[in-house]
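Undergrad: Data file entry-v5.csv (CSV, C-alpha atoms and all ligand atoms) is appended below.
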```
chain,number,residue,atom,x,y,z
A,25,MET,CA,-150.0,-71.2,37.3
A,26,THR,CA,-148.6,-68.9,34.6
A,27,CYS,CA,-147.3,-70.8,31.6
A,28,PRO,CA,-143.6,-69.9,31.0
A,29,PHE,CA,-144.0,-70.7,27.3
A,30,PRO,CA,-145.5,-67.8,25.2
A,31,ASN,CA,-147.2,-70.2,22.8
A,32,GLY,CA,-148.3,-72.7,25.4
A,33,VAL,CA,-147.5,-76.4,25.5
A,34,TYR,CA,-149.1,-78.3,22.7
A,35,LEU,CA,-149.6,-82.0,23.6
A,36,ASP,CA,-152.6,-82.8,21.4
A,37,ASN,CA,-150.7,-83.8,18.3
A,38,ASN,CA,-153.0,-86.8,17.5
A,39,ALA,CA,-155.8,-84.2,17.0
A,40,THR,CA,-153.7,-82.0,14.7
A,41,THR,CA,-150.2,-80.7,14.4
A,42,GLN,CA,-148.3,-77.5,13.9
A,43,LEU,CA,-147.6,-76.8,10.2
A,44,SER,CA,-143.9,-77.3,9.5
A,45,GLU,CA,-142.0,-74.1,8.6
A,46,GLN,CA,-140.6,-75.6,5.4
A,47,ALA,CA,-144.0,-76.8,4.3
A,48,HIS,CA,-145.4,-73.3,4.9
A,49,ALA,CA,-142.5,-71.7,3.0
A,50,ASP,CA,-142.8,-74.1,0.0
A,51,MET,CA,-146.5,-73.6,-0.5
A,52,GLU,CA,-146.6,-69.8,-0.2
A,53,ILE,CA,-145.6,-69.0,-3.8
A,54,PHE,CA,-148.5,-71.2,-5.0
A,55,LEU,CA,-151.0,-69.2,-2.9
A,56,GLU,CA,-149.6,-66.0,-4.4
A,57,ARG,CA,-148.0,-65.9,-7.9
A,58,LYS,CA,-148.1,-69.4,-9.1
A,59,TYR,CA,-151.9,-69.9,-9.1
A,60,GLY,CA,-152.4,-71.7,-12.4
A,61,ASN,CA,-154.7,-74.7,-12.7
A,62,PRO,CA,-152.3,-77.7,-13.1
A,63,ASN,CA,-154.6,-79.1,-15.9
A,64,SER,CA,-154.2,-75.9,-18.0
A,65,LEU,CA,-151.8,-76.1,-20.9
A,66,HIS,CA,-150.3,-72.6,-20.6
A,67,LYS,CA,-147.2,-71.6,-18.6
A,68,PHE,CA,-149.3,-70.9,-15.5
A,69,GLY,CA,-150.6,-74.5,-15.6
A,70,THR,CA,-147.3,-76.2,-16.4
A,71,GLU,CA,-145.5,-74.6,-13.5
A,72,THR,CA,-148.0,-75.8,-11.0
A,73,HIS,CA,-148.2,-79.1,-12.8
A,74,THR,CA,-144.5,-79.6,-12.2
A,75,ALA,CA,-144.8,-78.7,-8.5
A,76,LEU,CA,-147.7,-81.1,-8.2
A,77,SER,CA,-145.7,-84.0,-9.8
A,78,LYS,CA,-142.8,-83.3,-7.4
A,79,ALA,CA,-145.1,-83.4,-4.4
A,80,LEU,CA,-146.8,-86.6,-5.5
A,81,ASP,CA,-143.3,-88.2,-6.0
A,82,GLU,CA,-142.5,-87.3,-2.4
A,83,ILE,CA,-145.6,-89.0,-1.2
A,84,TYR,CA,-144.9,-92.1,-3.4
A,85,VAL,CA,-141.4,-92.3,-1.9
A,86,ALA,CA,-142.6,-91.8,1.7
A,87,LEU,CA,-145.1,-94.7,1.3
A,88,ASN,CA,-142.8,-96.8,-0.8
A,89,ALA,CA,-145.6,-97.0,-3.5
A,90,SER,CA,-144.7,-98.3,-6.9
A,91,ASP,CA,-145.2,-96.0,-9.8
A,92,LYS,CA,-147.9,-98.3,-11.1
A,93,ASP,CA,-150.0,-97.7,-7.9
A,94,ASP,CA,-152.2,-94.7,-7.5
A,95,VAL,CA,-152.0,-92.1,-4.8
A,96,ILE,CA,-155.1,-90.0,-5.1
A,97,ILE,CA,-155.4,-86.7,-3.3
A,98,THR,CA,-158.5,-86.2,-1.2
A,99,SER,CA,-159.6,-83.5,1.2
A,100,CYS,CA,-158.8,-85.6,4.3
A,101,ALA,CA,-158.7,-89.1,5.8
A,102,THR,CA,-162.4,-88.9,6.5
A,103,GLU,CA,-163.0,-88.7,2.8
A,104,SER,CA,-160.5,-91.4,2.0
A,105,ASN,CA,-162.1,-93.8,4.5
A,106,ASN,CA,-165.6,-93.1,3.2
A,107,TRP,CA,-164.4,-93.6,-0.3
A,108,VAL,CA,-162.9,-97.0,0.3
A,109,LEU,CA,-165.9,-98.4,2.1
A,110,LYS,CA,-168.5,-96.9,-0.2
A,111,GLY,CA,-166.4,-97.6,-3.3
A,112,VAL,CA,-165.9,-101.3,-2.4
A,113,TYR,CA,-169.7,-101.4,-1.7
A,114,PHE,CA,-170.4,-100.2,-5.2
A,115,ASP,CA,-167.8,-102.4,-6.9
A,116,LEU,CA,-168.3,-105.6,-4.9
A,117,LEU,CA,-170.6,-105.8,-1.9
A,118,ARG,CA,-173.9,-104.6,-3.4
A,119,HIS,CA,-173.9,-107.4,-5.9
A,120,GLY,CA,-174.4,-109.8,-3.1
A,121,GLN,CA,-171.8,-112.5,-3.7
A,122,LYS,CA,-169.5,-110.8,-1.2
A,123,ASN,CA,-171.4,-108.8,1.5
A,124,HIS,CA,-169.1,-108.9,4.5
A,125,ILE,CA,-166.7,-106.4,6.0
A,126,ILE,CA,-164.3,-107.1,8.9
A,127,THR,CA,-163.3,-104.1,10.9
A,128,THR,CA,-162.7,-103.3,14.6
A,129,GLN,CA,-164.5,-101.7,17.6
A,130,VAL,CA,-161.7,-99.2,17.9
A,131,GLU,CA,-161.7,-97.5,14.5
A,132,HIS,CA,-162.2,-93.8,14.0
A,133,PRO,CA,-165.8,-92.7,13.5
A,134,ALA,CA,-165.0,-92.1,9.8
A,135,ILE,CA,-164.8,-95.9,9.5
A,136,ARG,CA,-167.3,-96.9,12.2
A,137,SER,CA,-170.2,-94.6,11.0
A,138,THR,CA,-169.6,-95.5,7.4
A,139,CYS,CA,-169.8,-99.2,8.3
A,140,GLU,CA,-173.1,-98.5,10.2
A,141,PHE,CA,-174.4,-96.8,7.1
A,142,LEU,CA,-173.5,-99.8,4.9
A,143,GLU,CA,-175.2,-102.1,7.4
A,144,GLU,CA,-178.4,-100.2,6.7
A,145,LEU,CA,-177.9,-101.1,3.0
A,146,GLY,CA,-177.6,-104.8,3.9
A,147,VAL,CA,-173.8,-105.3,4.3
A,148,GLN,CA,-172.8,-107.6,7.2
A,149,VAL,CA,-170.1,-106.0,9.4
A,150,THR,CA,-167.9,-107.8,12.0
A,151,TYR,CA,-166.4,-105.4,14.6
A,152,LEU,CA,-163.5,-107.2,16.2
A,153,ALA,CA,-162.8,-106.5,19.9
A,154,PRO,CA,-159.3,-105.8,20.9
A,155,ASN,CA,-157.4,-108.5,22.9
A,156,LYS,CA,-156.1,-108.1,26.4
A,157,ASN,CA,-153.2,-106.1,25.1
A,158,GLY,CA,-155.6,-103.7,23.4
A,159,ILE,CA,-154.8,-104.8,19.9
A,160,ILE,CA,-156.3,-106.9,17.2
A,161,ASN,CA,-154.3,-110.0,16.3
A,162,VAL,CA,-154.1,-111.8,13.0
A,163,GLU,CA,-155.9,-114.9,14.3
A,164,GLN,CA,-159.0,-112.9,15.2
A,165,VAL,CA,-159.1,-111.6,11.6
A,166,ARG,CA,-158.6,-115.2,10.2
A,167,GLU,CA,-161.4,-116.6,12.4
A,168,ALA,CA,-163.8,-113.8,11.3
A,169,MET,CA,-163.2,-114.4,7.5
A,170,THR,CA,-166.0,-116.1,5.6
A,171,GLU,CA,-166.6,-116.9,1.9
A,172,GLN,CA,-168.6,-113.6,1.8
A,173,THR,CA,-165.8,-111.3,3.2
A,174,GLY,CA,-165.0,-108.7,0.6
A,175,LEU,CA,-163.0,-106.2,2.7
A,176,VAL,CA,-160.9,-105.9,5.8
A,177,SER,CA,-160.4,-102.4,7.2
A,178,ILE,CA,-158.1,-102.1,10.3
A,179,MET,CA,-156.4,-98.9,11.4
A,180,TRP,CA,-152.5,-99.0,11.6
A,181,ALA,CA,-152.3,-97.2,14.9
A,182,ASN,CA,-155.1,-96.2,17.2
A,183,ASN,CA,-155.7,-92.4,17.7
A,184,GLU,CA,-156.6,-92.7,21.4
A,185,THR,CA,-154.2,-95.3,22.7
A,186,GLY,CA,-151.4,-95.2,20.1
A,187,LEU,CA,-151.5,-99.0,20.0
A,188,ILE,CA,-150.2,-100.5,16.8
A,189,HIS,CA,-152.0,-103.3,15.1
A,190,PRO,CA,-150.0,-106.0,13.2
A,191,ILE,CA,-150.8,-104.6,9.8
A,192,GLU,CA,-148.1,-106.5,7.9
A,193,GLN,CA,-149.4,-109.9,9.2
A,194,ILE,CA,-153.0,-108.9,8.5
A,195,GLY,CA,-152.0,-107.7,5.0
A,196,ALA,CA,-150.3,-111.0,4.2
A,197,LEU,CA,-153.4,-112.9,5.5
A,198,CYS,CA,-155.8,-110.9,3.3
A,199,ARG,CA,-153.6,-111.2,0.3
A,200,SER,CA,-153.4,-114.9,0.6
A,201,HIS,CA,-157.2,-115.1,0.8
A,202,GLY,CA,-157.7,-112.7,-2.1
A,203,ILE,CA,-159.6,-110.3,0.2
A,204,LEU,CA,-159.1,-106.5,-0.2
A,205,PHE,CA,-157.3,-104.9,2.7
A,206,HIS,CA,-157.6,-101.2,3.8
A,207,THR,CA,-155.7,-99.5,6.6
A,208,ASP,CA,-156.3,-96.1,8.1
A,209,ALA,CA,-152.7,-95.0,8.6
A,210,VAL,CA,-153.5,-91.5,9.8
A,211,GLN,CA,-151.8,-92.0,13.2
A,212,ALA,CA,-148.9,-94.1,11.9
A,213,ILE,CA,-147.3,-91.8,9.3
A,214,GLY,CA,-144.5,-89.8,10.8
A,215,LYS,CA,-144.5,-92.0,13.9
A,216,ILE,CA,-143.5,-95.4,12.7
A,217,PRO,CA,-142.3,-96.7,9.3
A,218,VAL,CA,-145.1,-97.2,6.8
A,219,ASP,CA,-144.4,-99.2,3.7
A,220,VAL,CA,-147.4,-100.1,1.5
A,221,GLN,CA,-145.6,-102.9,-0.3
A,222,LYS,CA,-144.3,-104.6,2.9
A,223,ALA,CA,-147.7,-104.3,4.5
A,224,GLN,CA,-149.4,-105.7,1.4
A,225,VAL,CA,-152.3,-103.2,1.6
A,226,ASP,CA,-154.7,-102.5,-1.2
A,227,PHE,CA,-155.8,-99.1,0.2
A,228,LEU,CA,-154.3,-96.8,2.8
A,229,SER,CA,-155.7,-93.5,4.1
A,230,PHE,CA,-153.7,-90.5,5.3
A,231,SER,CA,-154.2,-86.9,6.4
A,232,ALA,CA,-151.5,-84.2,6.1
A,233,HIS,CA,-152.4,-82.3,9.2
A,234,LYS,CA,-151.3,-85.2,11.4
A,235,PHE,CA,-147.7,-85.0,10.2
A,236,HIS,CA,-147.2,-81.2,10.2
A,237,GLY,CA,-148.9,-80.5,6.9
A,238,PRO,CA,-152.0,-78.3,6.4
A,239,LYS,CA,-155.5,-79.3,7.3
A,240,GLY,CA,-158.0,-80.1,4.6
A,241,ILE,CA,-155.7,-82.2,2.4
A,242,GLY,CA,-155.0,-86.0,2.5
A,243,GLY,CA,-154.9,-89.0,0.3
A,244,LEU,CA,-155.8,-92.5,-0.5
A,245,TYR,CA,-153.2,-95.0,-1.8
A,246,ILE,CA,-154.7,-97.6,-4.2
A,247,ARG,CA,-152.7,-100.6,-5.2
A,248,GLU,CA,-152.1,-101.1,-8.9
A,249,GLY,CA,-155.1,-102.4,-10.9
A,250,ILE,CA,-157.6,-102.2,-8.0
A,251,PRO,CA,-160.9,-100.7,-9.2
A,252,LEU,CA,-162.7,-98.2,-6.9
A,253,THR,CA,-165.8,-96.4,-7.9
A,254,PRO,CA,-165.2,-92.7,-7.4
A,255,LEU,CA,-167.0,-90.8,-4.6
A,256,LEU,CA,-166.8,-87.6,-6.5
A,257,HIS,CA,-167.6,-87.7,-10.3
A,258,GLY,CA,-166.7,-84.9,-12.6
A,259,GLY,CA,-163.7,-84.0,-14.7
A,260,GLU,CA,-160.7,-86.2,-15.4
A,261,HIS,CA,-158.6,-85.0,-12.4
A,262,MET,CA,-156.5,-87.7,-10.8
A,263,HIS,CA,-157.1,-90.1,-13.7
A,264,GLY,CA,-160.8,-89.6,-13.2
A,265,ARG,CA,-160.7,-91.2,-9.8
A,266,ARG,CA,-161.3,-88.1,-7.8
A,267,SER,CA,-162.6,-85.0,-9.6
A,268,GLY,CA,-162.2,-81.4,-8.6
A,269,THR,CA,-159.5,-78.8,-9.2
A,270,LEU,CA,-156.4,-79.8,-7.3
A,271,ASN,CA,-155.3,-77.7,-4.3
A,272,VAL,CA,-151.8,-77.2,-5.4
A,273,PRO,CA,-150.4,-75.1,-2.5
A,274,TYR,CA,-151.6,-77.7,0.1
A,275,ILE,CA,-150.5,-80.6,-2.0
A,276,VAL,CA,-147.0,-79.1,-2.2
A,277,ALA,CA,-147.0,-78.5,1.5
A,278,MET,CA,-148.1,-82.1,2.1
A,279,GLY,CA,-145.2,-83.4,-0.1
A,280,THR,CA,-142.7,-81.4,2.0
A,281,ALA,CA,-144.4,-82.5,5.3
A,282,ILE,CA,-144.4,-86.2,4.5
A,283,ARG,CA,-140.7,-86.1,3.3
A,284,GLU,CA,-139.8,-84.3,6.6
A,285,ALA,CA,-141.9,-86.7,8.6
A,286,VAL,CA,-140.1,-89.7,7.2
A,287,GLU,CA,-136.7,-88.0,7.6
A,288,ALA,CA,-137.6,-87.4,11.3
A,289,LEU,CA,-138.7,-91.0,12.1
A,290,GLU,CA,-135.4,-91.8,13.9
A,291,PHE,CA,-135.8,-88.7,16.0
A,292,GLU,CA,-139.5,-89.7,16.7
A,293,ASN,CA,-138.4,-93.1,17.8
A,294,THR,CA,-135.6,-91.8,20.1
A,295,GLU,CA,-136.2,-88.3,21.3
A,296,VAL,CA,-140.0,-88.0,21.1
A,297,ARG,CA,-140.2,-91.5,22.7
A,298,ARG,CA,-137.8,-90.4,25.5
A,299,LEU,CA,-139.9,-87.4,26.3
A,300,ARG,CA,-143.1,-89.4,26.2
A,301,ASP,CA,-141.6,-92.0,28.5
A,302,LYS,CA,-140.4,-89.3,30.9
A,303,LEU,CA,-144.0,-88.0,31.1
A,304,GLU,CA,-145.4,-91.5,31.4
A,305,ASP,CA,-142.9,-92.5,34.2
A,306,ALA,CA,-143.9,-89.4,36.1
A,307,LEU,CA,-147.6,-90.2,35.7
A,308,LEU,CA,-147.1,-93.8,36.9
A,309,GLN,CA,-145.4,-92.5,40.1
A,310,ILE,CA,-148.8,-91.1,41.0
A,311,LYS,CA,-151.2,-93.4,42.8
A,312,ASP,CA,-154.2,-94.9,41.0
A,313,ILE,CA,-153.3,-94.1,37.4
A,314,LEU,CA,-153.8,-96.5,34.6
A,315,VAL,CA,-151.8,-96.0,31.4
A,316,VAL,CA,-153.4,-97.9,28.5
A,317,GLY,CA,-151.3,-100.4,26.6
A,318,GLU,CA,-147.7,-101.7,26.7
A,319,ARG,CA,-145.2,-99.0,25.7
A,320,SER,CA,-143.5,-101.2,23.2
A,321,LEU,CA,-146.8,-101.8,21.4
A,322,ARG,CA,-147.6,-98.1,21.0
A,323,VAL,CA,-146.4,-95.3,18.6
A,324,PRO,CA,-143.7,-93.3,20.4
A,325,ASN,CA,-145.7,-90.1,21.0
A,326,THR,CA,-148.9,-91.2,22.7
A,327,ILE,CA,-150.2,-91.8,26.3
A,328,LEU,CA,-153.8,-92.5,27.2
A,329,CYS,CA,-154.4,-92.6,30.9
A,330,SER,CA,-157.2,-92.8,33.4
A,331,ILE,CA,-156.8,-91.0,36.7
A,332,ARG,CA,-159.0,-92.5,39.4
A,333,GLY,CA,-161.4,-89.9,41.0
A,334,ILE,CA,-160.9,-87.4,38.2
A,335,GLU,CA,-163.0,-86.6,35.2
A,336,GLY,CA,-160.9,-86.2,32.1
A,337,GLU,CA,-162.6,-82.8,31.4
A,338,SER,CA,-161.7,-81.4,34.8
A,339,MET,CA,-158.1,-82.3,34.3
A,340,LEU,CA,-158.1,-80.7,30.8
A,341,TRP,CA,-159.6,-77.6,32.3
A,342,ASP,CA,-156.7,-77.3,34.8
A,343,LEU,CA,-154.2,-78.1,32.1
A,344,ASN,CA,-155.7,-75.5,29.8
A,345,LYS,CA,-155.6,-72.8,32.5
A,346,ALA,CA,-151.8,-73.6,32.8
A,347,GLY,CA,-151.4,-73.3,29.0
A,348,ILE,CA,-151.2,-77.0,28.3
A,349,ALA,CA,-153.3,-78.6,25.5
A,350,ALA,CA,-154.2,-82.3,25.8
A,351,SER,CA,-157.5,-84.1,25.1
A,352,THR,CA,-159.8,-86.7,26.5
A,353,GLY,CA,-159.5,-89.0,23.5
A,354,SER,CA,-163.0,-90.1,22.8
A,355,ALA,CA,-163.4,-92.1,26.0
A,356,CYS,CA,-166.9,-91.1,27.1
A,357,ALA,CA,-167.3,-89.1,30.3
A,358,SER,CA,-171.0,-90.1,30.7
A,359,GLU,CA,-172.0,-93.3,32.4
A,360,THR,CA,-174.7,-93.8,29.8
A,361,LEU,CA,-172.3,-93.8,26.9
A,362,GLU,CA,-170.1,-96.7,25.9
A,363,ALA,CA,-166.8,-97.3,27.8
A,364,ASN,CA,-163.6,-97.2,25.8
A,365,PRO,CA,-163.4,-100.7,24.3
A,366,VAL,CA,-159.6,-100.9,24.7
A,367,MET,CA,-159.8,-100.1,28.4
A,368,VAL,CA,-162.5,-102.7,28.8
A,369,ALA,CA,-160.3,-105.3,26.9
A,370,ILE,CA,-157.3,-104.6,29.1
A,371,GLY,CA,-159.4,-105.1,32.2
A,372,ALA,CA,-160.0,-101.6,33.4
A,373,ASP,CA,-163.0,-101.2,35.8
A,374,LYS,CA,-166.1,-99.2,34.9
A,375,GLU,CA,-164.9,-95.9,36.4
A,376,LEU,CA,-161.5,-96.0,34.7
A,377,ALA,CA,-163.0,-97.1,31.4
A,378,HIS,CA,-165.2,-94.0,31.3
A,379,THR,CA,-162.6,-91.3,31.7
A,380,ALA,CA,-159.4,-90.6,30.0
A,381,VAL,CA,-156.7,-88.0,29.2
A,382,ARG,CA,-154.6,-88.3,26.1
A,383,PHE,CA,-151.2,-86.7,25.8
A,384,SER,CA,-149.7,-86.8,22.3
A,385,LEU,CA,-146.3,-85.3,21.6
A,386,SER,CA,-144.5,-84.2,18.5
A,387,ARG,CA,-140.9,-83.5,17.4
A,388,TYR,CA,-141.5,-79.8,18.4
A,389,ASN,CA,-141.9,-80.5,22.1
A,390,THR,CA,-139.0,-79.8,24.4
A,391,GLU,CA,-137.7,-81.3,27.7
A,392,GLU,CA,-138.6,-78.0,29.5
A,393,GLU,CA,-142.2,-78.3,28.3
A,394,ILE,CA,-142.5,-81.9,29.6
A,395,ASP,CA,-140.9,-80.9,33.0
A,396,TYR,CA,-143.4,-78.1,33.3
A,397,THR,CA,-146.3,-80.4,32.3
A,398,ILE,CA,-145.3,-83.0,34.9
A,399,ASP,CA,-145.3,-80.3,37.6
A,400,VAL,CA,-148.8,-79.0,36.5
A,401,ILE,CA,-150.2,-82.5,36.4
A,402,ARG,CA,-149.0,-83.3,39.9
A,403,ARG,CA,-150.6,-80.2,41.3
A,404,SER,CA,-153.8,-80.6,39.4
A,405,ILE,CA,-154.3,-84.2,40.4
A,406,GLU,CA,-153.8,-83.3,44.1
A,407,ARG,CA,-156.2,-80.4,43.8
A,408,LEU,CA,-158.9,-82.4,42.0
A,409,ARG,CA,-158.6,-85.4,44.2
A,410,LYS,CA,-159.0,-83.3,47.3
A,411,ILE,CA,-162.4,-82.1,46.1
A,412,SER,CA,-163.5,-85.3,44.4
A,413,SER,CA,-166.7,-86.9,45.8
A,414,THR,CA,-165.5,-90.4,44.6
A,415,TYR,CA,-161.9,-90.4,45.8
A,416,THR,CA,-160.6,-90.6,49.3
A,417,TYR,CA,-157.5,-88.4,49.2
A,418,VAL,CA,-154.6,-89.4,51.4
A,419,ALA,CA,-151.6,-87.0,51.4
B,1,LIG,N1,-158.4,-88.0,14.7
B,1,LIG,C1,-158.2,-87.3,17.0
B,1,LIG,O1,-158.2,-86.4,17.8
B,1,LIG,P1,-159.4,-86.0,9.3
B,1,LIG,O2,-160.2,-85.3,10.3
B,1,LIG,O3,-160.3,-86.5,8.2
B,1,LIG,O4,-158.2,-85.4,8.8
B,1,LIG,O5,-158.9,-87.4,10.1
B,1,LIG,C2,-159.8,-88.2,10.6
B,1,LIG,C3,-159.2,-89.4,11.3
B,1,LIG,C4,-159.2,-90.6,10.7
B,1,LIG,N2,-158.6,-91.7,11.2
B,1,LIG,C5,-157.9,-91.5,12.4
B,1,LIG,C6,-157.2,-92.7,12.9
B,1,LIG,C7,-157.8,-90.3,13.0
B,1,LIG,O6,-157.1,-90.2,14.2
B,1,LIG,C8,-158.5,-89.2,12.5
B,1,LIG,C9,-158.5,-87.9,13.2
B,1,LIG,C10,-158.4,-86.9,15.5
B,1,LIG,O7,-158.0,-88.5,17.3
B,1,LIG,C11,-159.6,-86.0,15.4
B,1,LIG,S1,-161.1,-86.9,15.8
```
Could I get this file's structure written as structure tokens?
Ligand code: C6P

TA:
Amino acid sequence: MTCPFPNGVYLDNNATTQLSEQAHADMEIFLERKYGNPNSLHKFGTETHTALSKALDEIYVALNASDKDDVIITSCATESNNWVLKGVYFDLLRHGQKNHIITTQVEHPAIRSTCEFLEELGVQVTYLAPNKNGIINVEQVREAMTEQTGLVSIMWANNETGLIHPIEQIGALCRSHGILFHTDAVQAIGKIPVDVQKAQVDFLSFSAHKFHGPKGIGGLYIREGIPLTPLLHGGEHMHGRRSGTLNVPYIVAMGTAIREAVEALEFENTEVRRLRDKLEDALLQIKDILVVGERSLRVPNTILCSIRGIEGESMLWDLNKAGIAASTGSACASETLEANPVMVAIGADKELAHTAVRFSLSRYNTEEEIDYTIDVIRRSIERLRKISSTYTYVA
């Protein structure tokens, strides 16, 4: 089927997003004429320094950070996540009095692999399993807490399912027990309101390319007065917390992108949600499809589904040929690999828990694109089920 949209239909916005036009326009001058190092004292430096301060202000406002808190620019959320876990290890866990981290089975590998690395250094890690709704509840966190718990790290919204964890309740629990709390908010910013004070977080990771900013730039929010050993030592950039000459053009673009993302939250919650629900309703009309997680518990843009009798990769291949970009999430296609823990938790059988297709929308998607996608999906499922060795197709 020939795609009627010249640039294709992009439904993989949890992987990365299109750069906003305004973010692109705002950063251009800093790639060209205004190239000074913001730490330099001459005119070239002061003009980039001013732009840097403005962009940082936009990030503080977007997160509702206080001006006593720190927002430190990093290269991406992977770096921010690594920094929190390894920094807390250096500051607290390696001394032995506290040696326990609570996290979940559904974190991004930037958390999971770093926890596994810390386990090799002697840290105890509890990986909470999602409940039957696919989320982690506050009681599970409370029950896992011990005298040794030094850090709780739980993502705000899951990248595969879009399911939202009760971050404000978990934040309040951690604060009342004096335990540090980190959240990976990569998939929450621009989709739902994120307020670091309300959520009582000590650390929060984000990545610009998930909210229509550029790739290779992100940040870590650190609450006022919380120490964190740097990952990168060097000059006095970012108050000595993260060294390296700052990437002014990308930081400027991230400032614009996060401001726009917050301004667009209402649109995300109404229009993007409406289009997501339209696509989801159409999927649910097809026989033997599982959509993971209650809609009301998910961010407005995400659908993770399993289609009986069809490998996720085969479906993606058909979609790609029709100009539509989606992904498999990281649910594993191979029987030998782990099943998706959320699907297991919500009671999916083995076949469904091993295959998935993720559709993630953005504010740039249109009704026409969704209608076209629905048409392509219907045809593809019919075609693939007819040739499936595991599915008995009945017209
Ligand atoms: N998730 C996905 O397709 P980076 O790559 O460092 O900017 O972001 C990493 C990251 C961290 N946390 C969460 C919750 C994420 O979703 C991601 C990126 C992409 O789901 C690529 S694996």

Undergrad: Which of these residues is nearest to ligand LIG 1 (chain B), using only C-alpha atoms and all ligand atoms: A:Gly249, A:Gly264, A:Gly237, A:Gly279?

TA: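 For ligand LIG 1 (chain B), the nearest of the given residues is A:Gly237.
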
Undergrad: At a cut-off of 12 Å, using only C-alpha atoms, what residues contact Glu167 (chain A)? Leave out same-chain residues fewer than 4 positions from it and give the result as an MDAnalysis selection string.

TA: chainID A and resid 126 150 152 160:163 171 173 197

Undergrad: Quick one: of A:His189, A:Arg247, A:Lys156, A:Lys374, who's nearest to Ser330 (chain A), counting only C-alpha atoms?

TA: A:Lys374

Undergrad: List every residue of region 54-91 of chain A that has an atom at most 12 Å from any atom of region 287-308 of chain A, and for each one report the closest atom pair and its distance in Å to one decimal, counting all atoms listed in the file, with rows sorted by chain and then by increasing residue number, as a Markdown table.

TA:
```
| residue | atom | partner | partner_atom | distance |
| --- | --- | --- | --- | --- |
| A:Glu82 | CA | A:Glu287 | CA | 11.6 |
| A:Val85 | CA | A:Glu287 | CA | 11.4 |
| A:Ala86 | CA | A:Glu287 | CA | 9.2 |
```

Undergrad: When the cut-off is 9 Å and you count only C-alpha atoms and all ligand atoms, which residues lie near ligand LIG 1 (chain B), shown as number ranges by chain?

TA: A: 36-40, 99-105, 131-135, 179-184, 208-212, 229-234, 239-242, 351-354

Undergrad: CA of Glu56 (chain A) to CA of Gly259 (chain A): how many Å, to one decimal?

TA: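 CA of Gly259 (chain A) lies at a distance of 25.1 Å from CA of Glu56 (chain A).
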
Undergrad: Residues at most 9 Å from Thr185 (chain A), counting all atoms listed in the file, excluding those fewer than 6 positions away in the same chain, as number ranges by chain?

TA: A: 158, 316-317, 322-323, 326-329, 353, 366, 382

Undergrad: To one decimal in Å, tell me the separation between CA of Tyr417 (chain A) and CA of Ile394 (chain A).

TA: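 Between CA of Tyr417 (chain A) and CA of Ile394 (chain A) the gap is 25.5 Å.
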
Undergrad: List the neighbours of Ala349 (chain A) out to 8 Å using all atoms listed in the file; skip same-chain residues closer than 6 positions along the sequence, and give me the result as a ChimeraX atom specification.

TA: /A:32-36,340,343

Undergrad: Identify, on the basis of all atoms listed in the file, every residue whose closest approach to region 251-254 of chain A does not exceed 12 Å; exclude the query and any residue fewer than 5 positions from it along the same chain; express the result as a ChimeraX atom specification.

TA: /A:93-94,96,98,103-104,106-116,204,226-227,244-246,259-268

Undergrad: Suppose we keep C-alpha atoms; can you now write the selection as a CSV table (one decimal), in the frame of the given file?

TA:
```
chain,number,residue,atom,x,y,z
A,93,ASP,CA,-150.0,-97.7,-7.9
A,94,ASP,CA,-152.2,-94.7,-7.5
A,96,ILE,CA,-155.1,-90.0,-5.1
A,98,THR,CA,-158.5,-86.2,-1.2
A,103,GLU,CA,-163.0,-88.7,2.8
A,104,SER,CA,-160.5,-91.4,2.0
A,106,ASN,CA,-165.6,-93.1,3.2
A,107,TRP,CA,-164.4,-93.6,-0.3
A,108,VAL,CA,-162.9,-97.0,0.3
A,109,LEU,CA,-165.9,-98.4,2.1
A,110,LYS,CA,-168.5,-96.9,-0.2
A,111,GLY,CA,-166.4,-97.6,-3.3
A,112,VAL,CA,-165.9,-101.3,-2.4
A,113,TYR,CA,-169.7,-101.4,-1.7
A,114,PHE,CA,-170.4,-100.2,-5.2
A,115,ASP,CA,-167.8,-102.4,-6.9
A,116,LEU,CA,-168.3,-105.6,-4.9
A,204,LEU,CA,-159.1,-106.5,-0.2
A,226,ASP,CA,-154.7,-102.5,-1.2
A,227,PHE,CA,-155.8,-99.1,0.2
A,244,LEU,CA,-155.8,-92.5,-0.5
A,245,TYR,CA,-153.2,-95.0,-1.8
A,246,ILE,CA,-154.7,-97.6,-4.2
A,259,GLY,CA,-163.7,-84.0,-14.7
A,260,GLU,CA,-160.7,-86.2,-15.4
A,261,HIS,CA,-158.6,-85.0,-12.4
A,262,MET,CA,-156.5,-87.7,-10.8
A,263,HIS,CA,-157.1,-90.1,-13.7
A,264,GLY,CA,-160.8,-89.6,-13.2
A,265,ARG,CA,-160.7,-91.2,-9.8
A,266,ARG,CA,-161.3,-88.1,-7.8
A,267,SER,CA,-162.6,-85.0,-9.6
A,268,GLY,CA,-162.2,-81.4,-8.6
```

Undergrad: Report, in Å with one decimal, the straight-line distance from CA of Ile370 (chain A) to CA of Arg319 (chain A).

TA: 13.8 Å

Undergrad: Ranking A:Gln148, A:Asn155, A:Gln164, A:Gln224 by minimum distance to Leu87 (chain A) and counting only C-alpha atoms, which one comes first?

TA: A:Gln224

Undergrad: Can you spit out region 339-346 of chain A with C-alpha atoms, as a short mmCIF file (atom, residue, chain, number, x, y, z; two decimals), in the first residue's frame, from the structure just given?

TA:
```cif
data_model
loop_
_atom_site.label_atom_id
_atom_site.label_comp_id
_atom_site.auth_asym_id
_atom_site.auth_seq_id
_atom_site.Cartn_x
_atom_site.Cartn_y
_atom_site.Cartn_z
CA MET A 339 3.71 -6.59 11.89
CA LEU A 340 6.35 -3.85 11.99
CA TRP A 341 7.64 -5.00 8.63
CA ASP A 342 4.17 -4.64 7.08
CA LEU A 343 3.64 -1.26 8.72
CA ASN A 344 7.04 -0.04 7.59
CA LYS A 345 6.29 -1.04 4.00
CA ALA A 346 3.15 1.09 4.26
#
```
